[in-house]
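Undergrad: Sharing a structure below in structure tokens format, with a few things to ask.
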Amino acid sequence: MAFYATDRIALFIDGANLYSAAKGLNIDIDFKKLLDEFQKRGVLVRAYYYTAIVEDQDYSPIRPLVDWLDYNGFTVVTKPAKEYTDANGRKRHRGDMDVDLAVDMLEMSDHADHMVLFSGDGDFRRLIEAVQRKGVRVTVVSTVKSQPPMASDEVRRQADSFVDLSDLAAMVARPKAAAQMPRFLHAEETQE
């Protein structure tokens, strides 16, 4: 992952995708450490975090995380999750943030030299290509070391560089002792 001290960096975090990748690697992300790590690598212009929120519940397990991120240097983009019934008759929630992330990434491409996409979703291949055509380098952070792998072959090939989340774990994960402490739950955890 090559960064230059003068790089204007923008982070784009697909919250659900990063959560799944971290869960697959059995790590918890420390978002303060993540922000600090990328502030050391250049000029951090913006750090976006995208997630859907179930709004009709008395308590949303992701709300404490979203609030913390919002007060601590992240631009949080949310939308209400849509409720549906799965094949087994269970109520589930889904909120697709791909278009929101894509629009913001394209808009920011005039203001950044290097973008870091925390998602292995193959649907982002064309987005990465479009941003690269504007002269911006793109690093994808996800994992191929989980079962199933979270990073599609398409985004790994298209990105200027691919970083496996497991290789960043020492820098951005909570220490194992902290794993015993209360942590922010992600909306996806309540739907299993």
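Here, A, B, ... name the chains of the structure tokens in the order displayed, residue numbers run from 1 inside each chain, and ligands are numbered from 1 in the same displayed order.
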Restrict the calculation to only C-alpha atoms, then for each residue of range 78-117 of chain A with any atom at most 10 Å from an atom of range 132-146 of chain A give the closest atom pair and their distance in Å to one decimal, rows by chain and rising residue number, as a tab-separated table.
TA:
residue	atom	partner	partner_atom	distance
A:Leu106	CA	A:Lys134	CA	9.1
A:Met108	CA	A:Val136	CA	10.0
A:Ser109	CA	A:Val136	CA	6.6
A:Asp110	CA	A:Lys134	CA	7.7
A:His111	CA	A:Val136	CA	9.4
A:Ala112	CA	A:Val136	CA	6.9
A:Asp113	CA	A:Val136	CA	5.0
A:His114	CA	A:Arg137	CA	4.7
A:Met115	CA	A:Val138	CA	4.9
A:Val116	CA	A:Thr139	CA	4.7
A:Leu117	CA	A:Val140	CA	4.8
Undergrad: Give me the residues near Gln158 in chain A as number ranges by chain, where near means some atom within 7 Å (using only C-alpha atoms) and where sequence neighbours in that chain fewer than 2 positions away do not count.
TA: A: 125, 128-129, 154-156, 160
Undergrad: Work out how far apart CA of Gly122 in chain A and CA of Asn26 in chain A are and give it in Å to one decimal.
TA: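 Here the two named atoms are 22.6 Å from each other.
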Undergrad: Residues near Leu34 in chain A, anyone? I mean within 10 Å using only C-alpha atoms, not counting same-chain ones fewer than 2 positions away, as a ChimeraX atom specification.
TA: /A:29-32,36-39,168-169,171-173
Undergrad: Could you please take those selected residues and save N, CA and C atoms as a PDB file, in the first residue's frame?
TA:
ATOM      1  N   ILE A  29     -12.861  -4.018  14.755  1.00  0.00           N
ATOM      2  CA  ILE A  29     -12.177  -2.819  14.270  1.00  0.00           C
ATOM      3  C   ILE A  29     -12.236  -1.724  15.329  1.00  0.00           C
ATOM      4  N   ASP A  30     -11.098  -1.114  15.578  1.00  0.00           N
ATOM      5  CA  ASP A  30     -11.017   0.071  16.432  1.00  0.00           C
ATOM      6  C   ASP A  30     -10.975   1.260  15.468  1.00  0.00           C
ATOM      7  N   PHE A  31     -12.080   1.957  15.332  1.00  0.00           N
ATOM      8  CA  PHE A  31     -12.188   3.009  14.323  1.00  0.00           C
ATOM      9  C   PHE A  31     -11.293   4.211  14.617  1.00  0.00           C
ATOM     10  N   LYS A  32     -10.962   4.440  15.866  1.00  0.00           N
ATOM     11  CA  LYS A  32     -10.019   5.515  16.185  1.00  0.00           C
ATOM     12  C   LYS A  32      -8.634   5.154  15.650  1.00  0.00           C
ATOM     13  N   ASP A  36      -6.507   7.100  12.801  1.00  0.00           N
ATOM     14  CA  ASP A  36      -5.130   7.512  13.109  1.00  0.00           C
ATOM     15  C   ASP A  36      -4.138   6.935  12.100  1.00  0.00           C
ATOM     16  N   GLU A  37      -4.327   5.678  11.730  1.00  0.00           N
ATOM     17  CA  GLU A  37      -3.413   5.015  10.791  1.00  0.00           C
ATOM     18  C   GLU A  37      -3.376   5.734   9.446  1.00  0.00           C
ATOM     19  N   PHE A  38      -4.526   6.126   8.950  1.00  0.00           N
ATOM     20  CA  PHE A  38      -4.551   6.771   7.640  1.00  0.00           C
ATOM     21  C   PHE A  38      -4.186   8.251   7.717  1.00  0.00           C
ATOM     22  N   GLN A  39      -4.329   8.864   8.871  1.00  0.00           N
ATOM     23  CA  GLN A  39      -3.858  10.243   9.038  1.00  0.00           C
ATOM     24  C   GLN A  39      -2.334  10.287   8.996  1.00  0.00           C
ATOM     25  N   LEU A 168      -3.823  -5.669   8.115  1.00  0.00           N
ATOM     26  CA  LEU A 168      -3.977  -4.397   8.836  1.00  0.00           C
ATOM     27  C   LEU A 168      -4.392  -4.605  10.286  1.00  0.00           C
ATOM     28  N   ALA A 169      -4.741  -5.828  10.635  1.00  0.00           N
ATOM     29  CA  ALA A 169      -5.314  -6.099  11.956  1.00  0.00           C
ATOM     30  C   ALA A 169      -4.450  -5.577  13.094  1.00  0.00           C
ATOM     31  N   MET A 171      -2.706  -3.061  13.218  1.00  0.00           N
ATOM     32  CA  MET A 171      -2.762  -1.598  13.283  1.00  0.00           C
ATOM     33  C   MET A 171      -4.153  -1.054  13.611  1.00  0.00           C
ATOM     34  N   VAL A 172      -5.216  -1.784  13.238  1.00  0.00           N
ATOM     35  CA  VAL A 172      -6.562  -1.218  13.362  1.00  0.00           C
ATOM     36  C   VAL A 172      -7.542  -2.069  14.173  1.00  0.00           C
ATOM     37  N   ALA A 173      -7.102  -3.204  14.678  1.00  0.00           N
ATOM     38  CA  ALA A 173      -8.004  -4.048  15.469  1.00  0.00           C
ATOM     39  C   ALA A 173      -7.836  -3.754  16.948  1.00  0.00           C
TER      40      ALA A 173
END
Undergrad: To one decimal in Å, tell me the separation between CA of Thr51 in chain A and CA of Ala16 in chain A.
TA: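 Atom-to-atom, CA of Thr51 in chain A to CA of Ala16 in chain A, that is 6.5 Å.
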Undergrad: Within range 49-185 of chain A, find each residue whose DSSP state, derived from the backbone, is strand (DSSP E or B), and express the selection as a PyMOL selection string.
TA: chain A and resi 49-53+75-80+82-85+91-94+114-118+137-142+161-164+173
Undergrad: Compile the contact shell of range 78-85 of chain A as a PyMOL selection string: residues with an atom at most 6 Å away, counting only C-alpha atoms, same-chain residues fewer than 5 positions apart removed.
TA: chain A and resi 50-54+90-95
Undergrad: Find, counting only C-alpha atoms, the residue in A:Asp70, A:Asp96, A:Asp121, A:Asp7 that gets nearest to Tyr49 in chain A.
TA: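 Among the listed residues, A:Asp70 lies closest to Tyr49 in chain A.
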Undergrad: Mind listing the helix (DSSP H, G or I) residues of chain A, per DSSP on the backbone, as a PyMOL selection string?
TA: chain A and resi 15-24+31-40+63-71+98-108+122-133+153-158+165-172+176-180+187-191
Undergrad: Using only C-alpha atoms, which of the listed residues (A:Tyr71, A:Phe12, A:Asp123, A:Gly24) sits closest to Met150 in chain A?
TA: A:Gly24
Undergrad: How far is it from CA of Pro61 in chain A to CA of Leu25 in chain A, in Å with one decimal?
TA: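 Between these atoms lies a distance of 21.0 Å.
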